[in-house]
Every structure is written in C-alpha cells, then in structure tokens.
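Chemist: Dropping in data.txt, which is compact mmCIF, C-alpha atoms:
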# COMPACT_ATOMS: atom_id res chain seq x y z
CA MET W 20 134.24 -166.02 -57.01
CA PHE W 21 137.41 -165.32 -58.96
CA ASP W 22 137.88 -167.38 -62.12
CA PRO W 23 141.62 -167.60 -62.92
CA ALA W 24 140.87 -168.47 -66.54
CA HIS W 25 138.78 -165.34 -67.09
CA ASP W 26 140.56 -162.61 -69.05
CA CYS W 27 139.34 -159.87 -66.76
CA CYS W 28 141.74 -157.02 -67.23
CA SER W 29 142.80 -154.69 -69.99
CA GLY W 30 146.19 -154.19 -71.60
CA PRO W 31 146.77 -154.37 -75.36
CA GLY W 32 148.85 -157.41 -76.28
CA LEU W 33 149.19 -158.60 -72.69
CA ARG W 34 148.27 -162.21 -72.10
CA HIS W 35 146.70 -163.72 -69.00
CA TYR W 36 149.15 -166.06 -67.29
CA VAL W 37 146.80 -169.02 -67.67
CA ASP W 38 146.48 -168.31 -71.40
CA CYS W 39 150.28 -168.21 -71.69
CA LEU W 40 150.50 -171.63 -70.08
CA GLU W 41 147.93 -172.96 -72.55
CA ASP W 42 150.03 -171.57 -75.41
CA LEU W 43 153.13 -173.26 -74.02
CA HIS W 44 151.40 -176.61 -73.63
CA ARG W 45 149.94 -176.43 -77.13
CA GLU W 46 153.32 -175.76 -78.72
CA ALA W 47 155.23 -178.40 -76.74
CA THR W 48 155.23 -181.75 -78.50
CA HIS W 49 156.99 -184.63 -76.77
CA LEU W 50 160.61 -185.15 -77.67
CA GLU W 51 161.87 -188.43 -79.11
CA ALA W 52 162.61 -191.38 -76.85
CA THR W 53 166.04 -192.90 -76.49
CA GLU W 54 167.49 -195.81 -74.54
CA VAL W 55 170.03 -194.89 -71.87
CA GLU W 56 172.00 -196.68 -69.21
CA LEU W 57 170.22 -196.70 -65.86
CA SER W 58 173.15 -194.80 -64.37
CA GLU W 59 172.39 -191.92 -66.77
CA ALA W 60 168.61 -191.93 -66.40
CA ILE W 61 168.20 -189.87 -63.22
CA GLY W 62 166.39 -186.62 -63.98
CA GLN W 63 164.93 -187.96 -67.22
CA THR W 64 161.37 -188.98 -67.98
CA LEU W 65 160.25 -192.52 -68.73
CA ALA W 66 158.98 -192.90 -72.30
CA ASP W 67 157.00 -196.10 -71.68
CA ASP W 68 155.31 -197.98 -68.87
CA LEU W 69 157.84 -200.27 -67.18
CA LYS W 70 156.81 -203.84 -66.36
CA ALA W 71 158.69 -206.11 -63.99
CA PRO W 72 160.68 -208.71 -65.98
CA LEU W 73 160.84 -210.95 -62.92
CA SER W 74 159.36 -211.23 -59.47
CA LEU W 75 160.89 -209.69 -56.38
CA PRO W 76 161.89 -211.71 -54.51
CA SER W 77 162.46 -214.17 -57.34
CA PHE W 78 162.64 -217.06 -54.85
CA ASN W 79 161.39 -217.70 -51.31
CA ASN W 80 164.11 -216.62 -48.90
CA SER W 81 164.81 -215.90 -45.28
CA ALA W 82 164.40 -212.44 -43.75
CA MET W 83 166.71 -213.36 -40.85
CA ASP W 84 169.63 -215.52 -39.86
CA GLY W 85 168.23 -218.65 -38.23
CA PHE W 86 166.86 -222.09 -38.94
CA ALA W 87 164.42 -223.15 -41.65
CA PHE W 88 161.99 -226.03 -41.22
CA ASN W 89 158.40 -227.09 -41.83
CA SER W 90 156.00 -225.79 -39.17
CA ASP W 91 153.76 -228.82 -39.60
CA ARG W 92 156.52 -230.98 -38.08
CA VAL W 93 156.22 -229.23 -34.70
CA LYS W 94 152.45 -228.69 -34.55
CA ASP W 95 152.07 -231.32 -31.81
CA ALA W 96 154.91 -230.05 -29.61
CA THR W 97 154.10 -229.56 -25.91
CA ILE W 98 155.98 -229.09 -22.66
CA ASP W 99 155.48 -232.76 -21.83
CA SER W 100 156.06 -233.99 -25.36
CA PRO W 101 158.67 -231.80 -27.08
CA VAL W 102 159.58 -232.21 -30.74
CA ARG W 103 163.22 -232.25 -31.78
CA LEU W 104 164.50 -231.36 -35.26
CA PRO W 105 168.10 -232.28 -36.07
CA ILE W 106 170.02 -229.63 -38.05
CA VAL W 107 171.29 -231.24 -41.22
CA GLY W 108 172.92 -228.50 -43.31
CA ALA W 109 172.93 -224.85 -44.26
CA SER W 110 171.47 -222.51 -46.88
CA ILE W 111 173.79 -219.59 -47.61
CA ALA W 112 172.98 -216.49 -49.67
CA GLY W 113 174.69 -216.62 -53.04
CA ASP W 114 175.69 -220.28 -52.74
CA ASN W 115 175.37 -221.90 -56.16
CA ALA W 116 174.92 -225.40 -54.73
CA GLY W 117 171.63 -227.17 -55.27
CA LEU W 118 168.66 -226.06 -53.20
CA ALA W 119 168.55 -227.89 -49.89
CA GLN W 120 165.60 -230.21 -49.34
CA LEU W 121 164.21 -231.29 -45.99
CA LYS W 122 163.41 -234.90 -45.34
CA GLY W 123 160.94 -235.41 -42.55
CA ARG W 124 161.70 -233.82 -39.20
CA GLN W 125 164.78 -231.79 -40.08
CA ALA W 126 165.98 -228.19 -39.93
CA VAL W 127 168.57 -226.31 -41.94
CA LYS W 128 170.72 -223.34 -40.89
CA ILE W 129 169.82 -220.37 -43.08
CA MET W 130 171.32 -216.92 -43.65
CA THR W 131 169.44 -213.71 -44.40
CA GLY W 132 168.51 -213.66 -48.09
CA ALA W 133 169.33 -217.34 -48.60
CA PRO W 134 166.83 -219.58 -50.44
CA LEU W 135 164.27 -221.37 -48.30
CA PRO W 136 164.92 -225.13 -48.53
CA LEU W 137 162.34 -227.27 -50.28
CA GLY W 138 159.79 -228.43 -47.76
CA ALA W 139 160.45 -225.54 -45.35
CA ASP W 140 157.81 -222.88 -44.68
CA THR W 141 159.11 -220.89 -41.72
CA VAL W 142 162.27 -219.58 -40.02
CA LEU W 143 163.26 -219.57 -36.35
CA PRO W 144 165.64 -216.63 -35.62
CA VAL W 145 169.07 -217.58 -34.37
CA GLU W 146 168.42 -215.51 -31.25
CA ALA W 147 165.83 -218.11 -30.21
CA ALA W 148 168.37 -220.92 -30.35
CA SER W 149 172.11 -220.94 -31.01
CA TRP W 150 174.42 -221.67 -33.93
CA GLU W 151 176.14 -224.17 -31.64
CA THR W 152 173.14 -226.44 -31.25
CA ASP W 153 172.78 -229.59 -33.34
CA VAL W 154 169.09 -230.06 -32.55
CA LEU W 155 166.16 -227.62 -32.26
CA THR W 156 163.80 -228.48 -29.42
CA PHE W 157 160.20 -227.22 -29.51
CA HIS W 158 157.86 -227.24 -26.51
CA ALA W 159 155.03 -225.58 -28.45
CA PRO W 160 153.89 -225.26 -32.07
CA TYR W 161 155.60 -222.68 -34.30
CA GLN W 162 153.65 -220.75 -36.91
CA ALA W 163 154.27 -220.96 -40.65
CA ASP W 164 155.57 -217.97 -42.68
CA GLN W 165 157.65 -216.50 -39.88
CA HIS W 166 160.52 -214.37 -41.25
CA VAL W 167 159.98 -215.61 -44.80
CA ARG W 168 160.08 -213.41 -47.93
CA HIS W 169 157.83 -214.96 -50.56
CA ILE W 170 158.23 -214.89 -54.33
CA GLY W 171 156.64 -211.68 -55.68
CA GLN W 172 155.90 -210.28 -52.22
CA ASP W 173 157.59 -207.03 -53.28
CA VAL W 174 156.86 -207.03 -57.02
CA ALA W 175 155.02 -209.59 -59.14
CA GLN W 176 156.47 -210.45 -62.55
CA GLY W 177 154.64 -208.56 -65.30
CA LYS W 178 153.29 -205.85 -62.99
CA THR W 179 153.59 -202.23 -64.14
CA ILE W 180 156.09 -200.73 -61.73
CA LEU W 181 156.45 -197.19 -63.16
CA LYS W 182 154.22 -195.28 -65.54
CA ALA W 183 155.32 -193.42 -68.66
CA GLY W 184 155.93 -189.80 -67.71
CA THR W 185 157.59 -190.66 -64.40
CA LEU W 186 160.55 -188.42 -63.67
CA LEU W 187 163.26 -190.85 -62.62
CA ALA W 188 164.92 -190.05 -59.31
CA SER W 189 167.37 -191.76 -56.99
CA GLN W 190 164.59 -193.54 -55.08
CA HIS W 191 163.79 -195.53 -58.24
CA LEU W 192 167.29 -196.99 -58.54
CA PRO W 193 166.98 -199.81 -55.96
CA LEU W 194 163.80 -201.09 -57.63
CA LEU W 195 165.10 -200.90 -61.21
CA SER W 196 168.49 -202.32 -60.25
CA ALA W 197 166.91 -205.23 -58.35
CA LEU W 198 164.89 -206.04 -61.47
CA GLY W 199 168.00 -206.05 -63.64
CA LEU W 200 166.80 -203.13 -65.75
CA GLY W 201 170.21 -201.79 -66.75
CA LYS W 202 168.75 -199.71 -69.58
CA VAL W 203 165.50 -197.75 -69.86
CA ARG W 204 163.80 -195.71 -72.57
CA VAL W 205 163.46 -192.06 -71.66
CA ILE W 206 162.30 -188.87 -73.31
CA GLN W 207 165.38 -186.94 -74.33
CA ARG W 208 166.07 -183.87 -72.24
CA PRO W 209 165.73 -180.72 -74.33
CA THR W 210 168.99 -178.97 -75.16
CA ALA W 211 169.25 -175.23 -74.70
CA ALA W 212 171.39 -172.21 -75.52
CA TRP W 213 171.60 -169.06 -73.37
CA ILE W 214 172.33 -165.52 -74.56
CA SER W 215 172.87 -162.69 -72.08
CA THR W 216 172.58 -159.27 -73.69
CA GLY W 217 174.07 -156.01 -72.44
CA GLN W 218 177.39 -154.27 -72.92
CA GLU W 219 177.34 -153.46 -69.21
CA LEU W 220 177.50 -157.16 -68.24
CA VAL W 221 180.74 -158.68 -66.96
CA ASP W 222 180.92 -162.49 -66.77
CA ASP W 223 184.31 -162.67 -65.03
CA LEU W 224 183.46 -162.17 -61.38
CA SER W 225 187.13 -161.59 -60.55
CA GLN W 226 187.36 -158.65 -62.92
CA THR W 227 187.28 -155.12 -61.50
CA LEU W 228 184.21 -153.28 -62.72
CA LYS W 229 184.58 -150.13 -64.79
CA PRO W 230 182.11 -147.26 -64.41
CA GLY W 231 178.67 -148.32 -65.58
CA GLN W 232 179.46 -152.04 -65.60
CA ILE W 233 177.68 -154.72 -63.56
CA TYR W 234 178.38 -158.38 -63.00
CA ASN W 235 176.20 -160.86 -64.86
CA ALA W 236 173.81 -161.94 -62.08
CA THR W 237 171.93 -164.64 -64.00
CA GLY W 238 174.47 -166.48 -66.16
CA LEU W 239 175.67 -168.82 -63.41
CA TYR W 240 172.13 -169.11 -62.06
CA ALA W 241 170.95 -170.42 -65.42
CA ALA W 242 173.76 -172.96 -65.60
CA ALA W 243 173.12 -174.13 -62.04
CA THR W 244 169.33 -174.43 -62.33
CA ALA W 245 169.13 -175.87 -65.84
CA ARG W 246 169.19 -179.45 -64.62
CA GLU W 247 166.62 -178.72 -61.88
CA LEU W 248 164.36 -177.26 -64.56
CA GLY W 249 164.81 -180.23 -66.89
CA PHE W 250 167.00 -179.01 -69.74
CA ASP W 251 170.66 -179.32 -70.72
CA LEU W 252 172.38 -175.98 -71.22
CA GLN W 253 174.97 -176.59 -73.95
CA HIS W 254 175.90 -173.11 -75.12
CA THR W 255 176.19 -169.69 -73.45
CA ALA W 256 177.18 -166.27 -74.73
CA THR W 257 177.17 -162.67 -73.53
CA VAL W 258 176.83 -159.98 -76.22
CA ARG W 259 176.36 -156.25 -76.59
CA ASP W 260 172.74 -155.19 -76.75
CA THR W 261 172.58 -154.22 -80.40
CA PRO W 262 170.39 -155.88 -83.03
CA GLN W 263 173.47 -156.91 -84.99
CA ASP W 264 175.25 -158.52 -82.03
CA PHE W 265 172.10 -160.27 -80.89
CA ALA W 266 171.29 -161.56 -84.40
CA ALA W 267 174.81 -162.92 -84.77
CA ALA W 268 174.63 -164.63 -81.35
CA LEU W 269 171.25 -166.08 -82.25
CA ASP W 270 172.61 -167.47 -85.53
CA THR W 271 175.51 -169.08 -83.66
CA ALA W 272 173.14 -170.61 -81.12
CA ILE W 273 170.88 -171.98 -83.86
CA GLU W 274 173.83 -173.77 -85.49
CA GLY W 275 173.94 -176.09 -82.45
CA LYS W 276 170.30 -177.07 -83.11
CA PRO W 277 169.09 -176.65 -79.53
CA ARG W 278 165.45 -177.30 -78.77
CA ILE W 279 165.25 -174.07 -76.77
CA ILE W 280 167.10 -170.76 -77.00
CA LEU W 281 166.83 -168.32 -74.11
CA SER W 282 168.00 -164.74 -73.91
CA THR W 283 167.93 -162.09 -71.20
CA GLY W 284 167.21 -158.42 -71.81
CA GLY W 285 165.96 -156.50 -74.82
CA VAL W 286 162.30 -157.56 -74.65
CA SER W 287 160.62 -154.47 -73.16
CA ALA W 288 159.60 -151.39 -75.14
CA GLY W 289 162.68 -149.19 -74.90
CA GLN W 290 164.92 -147.83 -77.64
CA TYR W 291 167.37 -150.71 -77.19
CA ASP W 292 164.81 -153.47 -76.91
CA PHE W 293 165.65 -155.23 -80.14
CA VAL W 294 164.78 -158.88 -79.57
CA LYS W 295 161.30 -158.90 -81.10
CA PRO W 296 162.32 -157.00 -84.29
CA VAL W 297 165.24 -159.38 -84.86
CA LEU W 298 162.96 -162.38 -84.42
CA THR W 299 160.37 -160.90 -86.77
CA ASP W 300 163.01 -160.18 -89.44
CA MET W 301 164.19 -163.79 -89.36
CA GLY W 302 160.63 -165.11 -89.81
CA ALA W 303 159.94 -166.29 -86.29
CA THR W 304 156.37 -166.80 -85.11
CA ILE W 305 155.70 -164.78 -81.98
CA ILE W 306 153.38 -166.88 -79.80
CA PHE W 307 153.05 -164.25 -77.09
CA HIS W 308 154.89 -161.15 -75.95
CA LYS W 309 154.17 -159.58 -72.58
CA ALA W 310 151.98 -161.12 -69.92
CA ARG W 311 149.82 -159.62 -67.21
CA ILE W 312 152.17 -160.70 -64.45
CA LYS W 313 154.56 -159.11 -61.98
CA PRO W 314 157.47 -159.40 -62.24
CA ALA W 315 158.59 -160.57 -65.75
CA LYS W 316 155.83 -158.78 -67.70
CA PRO W 317 157.89 -158.44 -70.94
CA VAL W 318 158.45 -162.22 -71.35
CA LEU W 319 158.37 -163.37 -74.98
CA PHE W 320 157.81 -166.82 -76.46
CA ALA W 321 158.36 -167.63 -80.14
CA ARG W 322 158.83 -170.47 -82.60
CA LEU W 323 161.90 -170.08 -84.82
CA PRO W 324 161.93 -171.09 -88.49
CA GLY W 325 164.31 -173.99 -87.88
CA GLY W 326 162.06 -175.56 -85.25
CA SER W 327 163.73 -174.27 -82.09
CA PHE W 328 161.67 -172.43 -79.50
CA PHE W 329 162.74 -169.08 -78.14
CA PHE W 330 162.16 -167.48 -74.74
CA GLY W 331 162.99 -163.81 -74.36
CA LEU W 332 163.40 -163.23 -70.62
CA PRO W 333 163.46 -159.81 -68.92
CA GLY W 334 166.90 -158.60 -67.90
CA ASN W 335 166.27 -157.90 -64.21
CA PRO W 336 167.65 -160.89 -62.28
CA ILE W 337 164.48 -161.67 -60.34
CA SER W 338 162.32 -161.30 -63.45
CA THR W 339 164.68 -163.69 -65.24
CA ALA W 340 164.39 -166.21 -62.40
CA LEU W 341 160.59 -166.02 -62.34
CA ALA W 342 160.27 -166.36 -66.10
CA LEU W 343 162.44 -169.47 -65.99
CA ARG W 344 160.30 -171.02 -63.28
CA ALA W 345 156.84 -169.88 -64.38
CA PHE W 346 157.17 -170.20 -68.18
CA VAL W 347 160.23 -172.20 -69.23
CA TYR W 348 159.79 -175.00 -66.70
CA PRO W 349 156.13 -175.79 -67.62
CA PHE W 350 157.18 -175.87 -71.28
CA VAL W 351 160.14 -178.19 -70.63
CA ARG W 352 157.97 -180.39 -68.45
CA ARG W 353 155.50 -180.80 -71.29
CA LEU W 354 158.27 -181.46 -73.83
CA SER W 355 159.54 -184.22 -71.55
CA GLY W 356 156.18 -185.98 -71.43
CA GLN W 357 155.32 -185.14 -67.83
CA ALA W 358 151.90 -184.13 -66.60
CA PRO W 359 151.36 -180.48 -65.64
CA GLU W 360 152.97 -179.61 -62.33
CA PRO W 361 150.66 -179.93 -59.31
CA MET W 362 150.45 -176.63 -57.49
CA ARG W 363 151.64 -176.57 -53.88
CA VAL W 364 149.51 -174.81 -51.28
CA ALA W 365 150.52 -173.09 -48.04
CA ARG W 366 148.92 -170.70 -45.55
CA LEU W 367 150.08 -167.11 -45.46
CA THR W 368 151.64 -165.84 -42.26
CA ARG W 369 150.71 -162.20 -42.91
CA ASP W 370 148.41 -160.04 -45.05
CA VAL W 371 149.48 -159.10 -48.58
CA GLN W 372 148.13 -156.42 -50.91
CA VAL W 373 148.88 -156.53 -54.63
CA ASP W 374 147.79 -155.06 -57.97
CA ALA W 375 144.67 -157.03 -58.96
CA SER W 376 145.14 -156.29 -62.66
CA LYS W 377 147.81 -158.94 -63.00
CA THR W 378 149.01 -162.26 -61.57
CA VAL W 379 151.58 -161.37 -58.95
CA PHE W 380 154.43 -163.62 -57.86
CA LEU W 381 155.93 -162.76 -54.48
CA MET W 382 159.28 -163.95 -53.20
CA GLY W 383 158.88 -165.88 -49.97
CA ARG W 384 159.65 -168.95 -47.93
CA MET W 385 157.68 -172.17 -47.62
CA ARG W 386 158.26 -174.26 -44.51
CA LEU W 387 156.53 -176.49 -42.05
CA SER W 388 155.22 -174.77 -38.94
CA ASP W 389 155.74 -176.20 -35.46
CA SER W 390 152.28 -177.77 -35.78
CA GLY W 391 153.20 -179.45 -39.06
CA LEU W 392 151.26 -177.15 -41.43
CA MET W 393 152.90 -175.77 -44.57
CA ILE W 394 153.15 -172.01 -44.23
CA ALA W 395 154.22 -169.27 -46.65
CA ILE W 396 156.16 -166.24 -45.42
CA PRO W 397 156.21 -163.39 -47.97
CA ASN W 398 159.40 -161.37 -48.10
CA LYS W 399 158.97 -157.72 -47.24
CA ARG W 400 161.06 -156.67 -50.26
CA GLN W 401 159.75 -157.48 -53.73
CA GLN W 402 161.58 -155.34 -56.30
CA SER W 403 162.72 -157.28 -59.38
CA PHE W 404 166.29 -155.92 -59.16
CA GLN W 405 166.73 -157.04 -55.53
CA THR W 406 168.77 -160.22 -55.28
CA ALA W 407 169.04 -160.24 -51.46
CA PRO W 408 165.37 -161.10 -50.80
CA PHE W 409 165.58 -163.72 -53.55
CA ALA W 410 168.51 -165.31 -51.70
CA GLU W 411 166.39 -165.36 -48.52
CA SER W 412 163.47 -167.09 -50.28
CA ASN W 413 162.78 -170.59 -51.58
CA ALA W 414 159.46 -170.18 -53.40
CA TRP W 415 157.22 -167.92 -55.46
CA LEU W 416 153.87 -167.18 -53.82
CA MET W 417 151.28 -166.69 -56.56
CA VAL W 418 148.37 -164.25 -56.14
CA PRO W 419 146.04 -164.71 -59.14
CA GLU W 420 144.81 -161.91 -61.34
CA GLY W 421 141.64 -160.33 -59.95
CA VAL W 422 142.70 -160.67 -56.31
CA SER W 423 143.99 -157.55 -54.56
CA GLU W 424 144.36 -158.80 -51.02
CA LEU W 425 144.97 -161.99 -49.09
CA SER W 426 144.87 -162.23 -45.32
CA ALA W 427 147.06 -164.12 -42.89
CA GLY W 428 145.77 -167.68 -42.76
CA ASP W 429 144.52 -167.66 -46.36
CA GLN W 430 145.82 -170.34 -48.68
CA VAL W 431 148.20 -169.29 -51.43
CA HIS W 432 149.59 -171.28 -54.37
CA CYS W 433 153.36 -171.71 -54.33
CA LEU W 434 156.06 -172.55 -56.83
CA PRO W 435 159.21 -173.78 -55.05
CA PHE W 436 162.35 -172.43 -56.70
CA ASP W 437 163.48 -176.04 -57.08
CA PRO W 438 160.55 -177.99 -58.59
CA GLY W 439 161.93 -181.23 -57.16
CA SER W 440 161.95 -180.04 -53.56
CA ASN W 441 159.33 -181.24 -51.08
Written as structure tokens, how would this file's structure read?

Modeler:
Amino acid sequence: MFDPAHDCCSGPGLRHYVDCLEDLHREATHLEATEVELSEAIGQTLADDLKAPLSLPSFNNSAMDGFAFNSDRVKDATIDSPVRLPIVGASIAGDNAGLAQLKGRQAVKIMTGAPLPLGADTVLPVEAASWETDVLTFHAPYQADQHVRHIGQDVAQGKTILKAGTLLASQHLPLLSALGLGKVRVIQRPTAAWISTGQELVDDLSQTLKPGQIYNATGLYAAATARELGFDLQHTATVRDTPQDFAAALDTAIEGKPRIILSTGGVSAGQYDFVKPVLTDMGATIIFHKARIKPAKPVLFARLPGGSFFFGLPGNPISTALALRAFVYPFVRRLSGQAPEPMRVARLTRDVQVDASKTVFLMGRMRLSDSGLMIAIPNKRQQSFQTAPFAESNAWLMVPEGVSELSAGDQVHCLPFDPGSN
C-alpha cells in the first residue's frame, strides 16, 4: 500500500509534498487577535470560543398570528359542553407595554414574534378562528405548546455557539446579530505583497504587445483570489528579471511589513533565475526549494530576516495558480488559526496515467453526477502554460507520489480552486 508520507523517490534537494506541508505548518504561528465590527468579520477566523450572551428566543413568543390562552382552560371541552374564552386584548411584537396576563378563562390576540402572555401556554392560529370574533369556542381540548417558541429553544444562554478557528461566513450573521454580538475577536488576516518578474510582462491589457512581450496572466488572478485564499494583497509590482530589480522590489515590499511576500518567476535553475541568490545574500533562511510535484516543481519558501515569509512561485501561469492553492493557502490557513483543510474526494470518470516519481496535480472539474455522487473529470490538456484548460476546470485532482495510474471509478483527492466552494 502506498504511504504518502514515505520519501520514496530520488532528486537532490527536492522535497516530498507532504514534507513541504509539514514545513509550512511548523513555520506558521498564529497571528495576533483583534476586535472588529461584525460587518467586517466575514472571511476572518474567530480567535476565541463564542458563548451566547443571552438565550434565543429571550422570551416565550408566538410562532404564528392567532390567539394565546391556557390549554388547561379547555381540557374539558366537548361537542355537548363547549368552552368559551372571551378575547380580552392583544400582544403585539415590539410593543413596549407591560406583558399581558390572563385571568381565568380568557384569550389574547397575538402576533407572530409577540410575547406569550403570562398564564398562556399555547396558540390557536388565526386560520382556525377569525380576527372578527370576540369569543373562542372549543368543542374539544387543545394541546399545550402549539405554535410557541420557548426561551432558549434555539440557543441557551452561556452555550458555546462557535468554536475558535471558525472561518466566519455569511451564514453566521443571523445568529451573531440575533445575539447582539456587534463585535468579535478574530485572527488578523495576513497582509501580502506580490512581485511579478519579467521584462516581457505587460500589465496594461489594453496596450499593444511588442515583439517578445506577453500580457501578465497572473497579476489580476492573484488580486482576485487573495481574499478566497485568506490574505489581503496590499502591494503589487512588476519588475525586470534582474537581481538588482528584484532586490529593489523586494526591499520596497518589505518596507510595508507584510506577513507574506510572493513573487513569480526566477526560481528555477536557469541563467536568469536569481530569486534564491538574492534571498541568500540578504540573509534569508531557505526552508525548502523545489518539490517533487507537477506542476510548480521550483516553488521556494523562505523566512526573511525581518520576519516576513517569502514564497517564490514558478512563472508559468498554471504553476503559479497551483503553488498558491497547494502551498500558500495551507500556510495562510495555519497562520489564521484554522485546522488543516479536509481533503475532498471524488470518483474519476476516466483512467489517468502520471509520473509516479512525484505528486501530480491535474486540472479538472468536480461536480455531482446525475445519481448524486461527486465525480472528477480530468482535463485532457495539462501543460503548465495552458490557460484554456485551467479556465475549463474548477479543481486540482491530486495523484500522490508513488502512484502511476488510477482507473475510472477510483477515488481521487481534490482541491477546489476556491477553498470555500462546496
């Protein structure tokens, strides 16, 4: 049986993907907590367990428009001996008047969400009677607790409602708002700077390309996906791929004190691959450089002298995208105090053959089949410079190191492009 943690293949300096993840998790210490307005908390991670400051509902109230009364008053009602309850008032949601109180055989009109009068224990829907009636007539008993919302039936005061490490999303807002939690303590989102290297890159997509130039295919992608991946991109730059230009751009990025600095290009082994030497000259600690994966093999991770962390991403667009998802996101997740990401699983729709000497990530689509099973459809094109198959895909399909072939119907681990997608 294949052991994904076993370093089974050769390659000087190349790290197993699992070992790289362990390095990332070891280096990532949780960021400081800060209190933010609830309206600003979406996409951030709770720093502490949250306990309910009050019960929901905080008072017994009606789930329907109707009439509130005490069921014990009509327990003896029969066809031959009906019980009549005169209607003596009304309980209206939001009314600041004193809580109505029943005296003997009485009923009170009540609106949805309005407090249940003292002495009442049940509600008769208005559809069963009429707002025009002055007296409710019962020819049979009526059960208690009909259409009543009880104190704490949703949430009990003091109960832990969300655990530390929860990534706050829109579905949490009704709960937190109902509890009056206008501010929450969250782990600060890491800030980041982005450096694209290459004199051939053109950021202005309206500009006519000169011979040898290409449009920057990953700059906008980084800006658009930063929030999905959990960091705030605060600085971007595109520079010529020379050691001097890169070093100057790196110094400028460091001045903003980002938690993470990312660059694209210059991390392979060519004549113009200058990133590692510049980092070494400035005293950075190289945690790993090059991983036994495809694509994105040249990925580099380092700790800079000032405390920032650096990711050197390969320049090919698809390699850049994979490195962001497979390396940067797990690191950011750990920084933010979240548990490691649970791996999604789907069944392959066709056979795949890959190089067993490395962990291979295939572009593909995850979707539900007609029978409701999650399936994975590998794209037929997998070159790291090809943006069209990437646009057709929504997930990375991961074939672990040591596996050369998977058959249709086999399970495969998947990383959705958007970690927050279902």

Chemist: Between CA of Glu424 (chain W) and CA of Gln372 (chain W), what is the spacing in Å?

Modeler: 4.5 Å

Chemist: Could you check how far CA of Phe330 (chain W) sits from CA of Gln405 (chain W), in Å to one decimal?

Modeler: 22.3 Å

Chemist: Neighbours of Asp67 (chain W) within 8 Å (only C-alpha atoms; same-chain residues fewer than 3 positions away dropped), as a ChimeraX atom specification?

Modeler: /W:182-184,204-205

Chemist: Generate a file of the selected residues that holds C-alpha atoms, formatted as a PDB file, in the coordinates of the input.

Modeler:
ATOM      1  CA  LYS W 182     154.220-195.280 -65.540  1.00  0.00           C
ATOM      2  CA  ALA W 183     155.320-193.420 -68.660  1.00  0.00           C
ATOM      3  CA  GLY W 184     155.930-189.800 -67.710  1.00  0.00           C
ATOM      4  CA  ARG W 204     163.800-195.710 -72.570  1.00  0.00           C
ATOM      5  CA  VAL W 205     163.460-192.060 -71.660  1.00  0.00           C
TER       6      VAL W 205
END

Chemist: Rank nothing, just name the residue among W:Leu194, W:Ala266, W:Leu121, W:Ala71 nearest to Pro296 (chain W), using only C-alpha atoms.

Modeler: W:Ala266

Chemist: As an exercise, work out the distance from CA of Asp164 (chain W) to CA of Leu192 (chain W) in Å and give it to one decimal place.

Modeler: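 Calculated distance between CA of Asp164 (chain W) and CA of Leu192 (chain W) is 28.8 Å.
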
Chemist: Residues near Arg92 (chain W), anyone? I mean within 9 Å using all atoms listed in the file, not counting same-chain ones fewer than 5 positions away, as a CSV table (one decimal) with C-alpha atoms, in the frame of the given file.

Modeler:
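Output file out-v4.csv is given in full below:
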chain,number,residue,atom,x,y,z
W,102,VAL,CA,159.6,-232.2,-30.7
W,104,LEU,CA,164.5,-231.4,-35.3
W,123,GLY,CA,160.9,-235.4,-42.6
W,124,ARG,CA,161.7,-233.8,-39.2
W,125,GLN,CA,164.8,-231.8,-40.1
W,160,PRO,CA,153.9,-225.3,-32.1

Chemist: Return as a tab-separated table the residues of region 311-359 of chain W lying at most 10 Å from region 417-421 of chain W, together with the closest atom-to-atom pair for each and the distance in Å to one decimal, counting all atoms listed in the file, with rows in chain order and ascending residue number.

Modeler:
residue	atom	partner	partner_atom	distance
W:Arg311	CA	W:Glu420	CA	8.0
W:Ile312	CA	W:Glu420	CA	8.1
W:Lys313	CA	W:Met417	CA	9.9
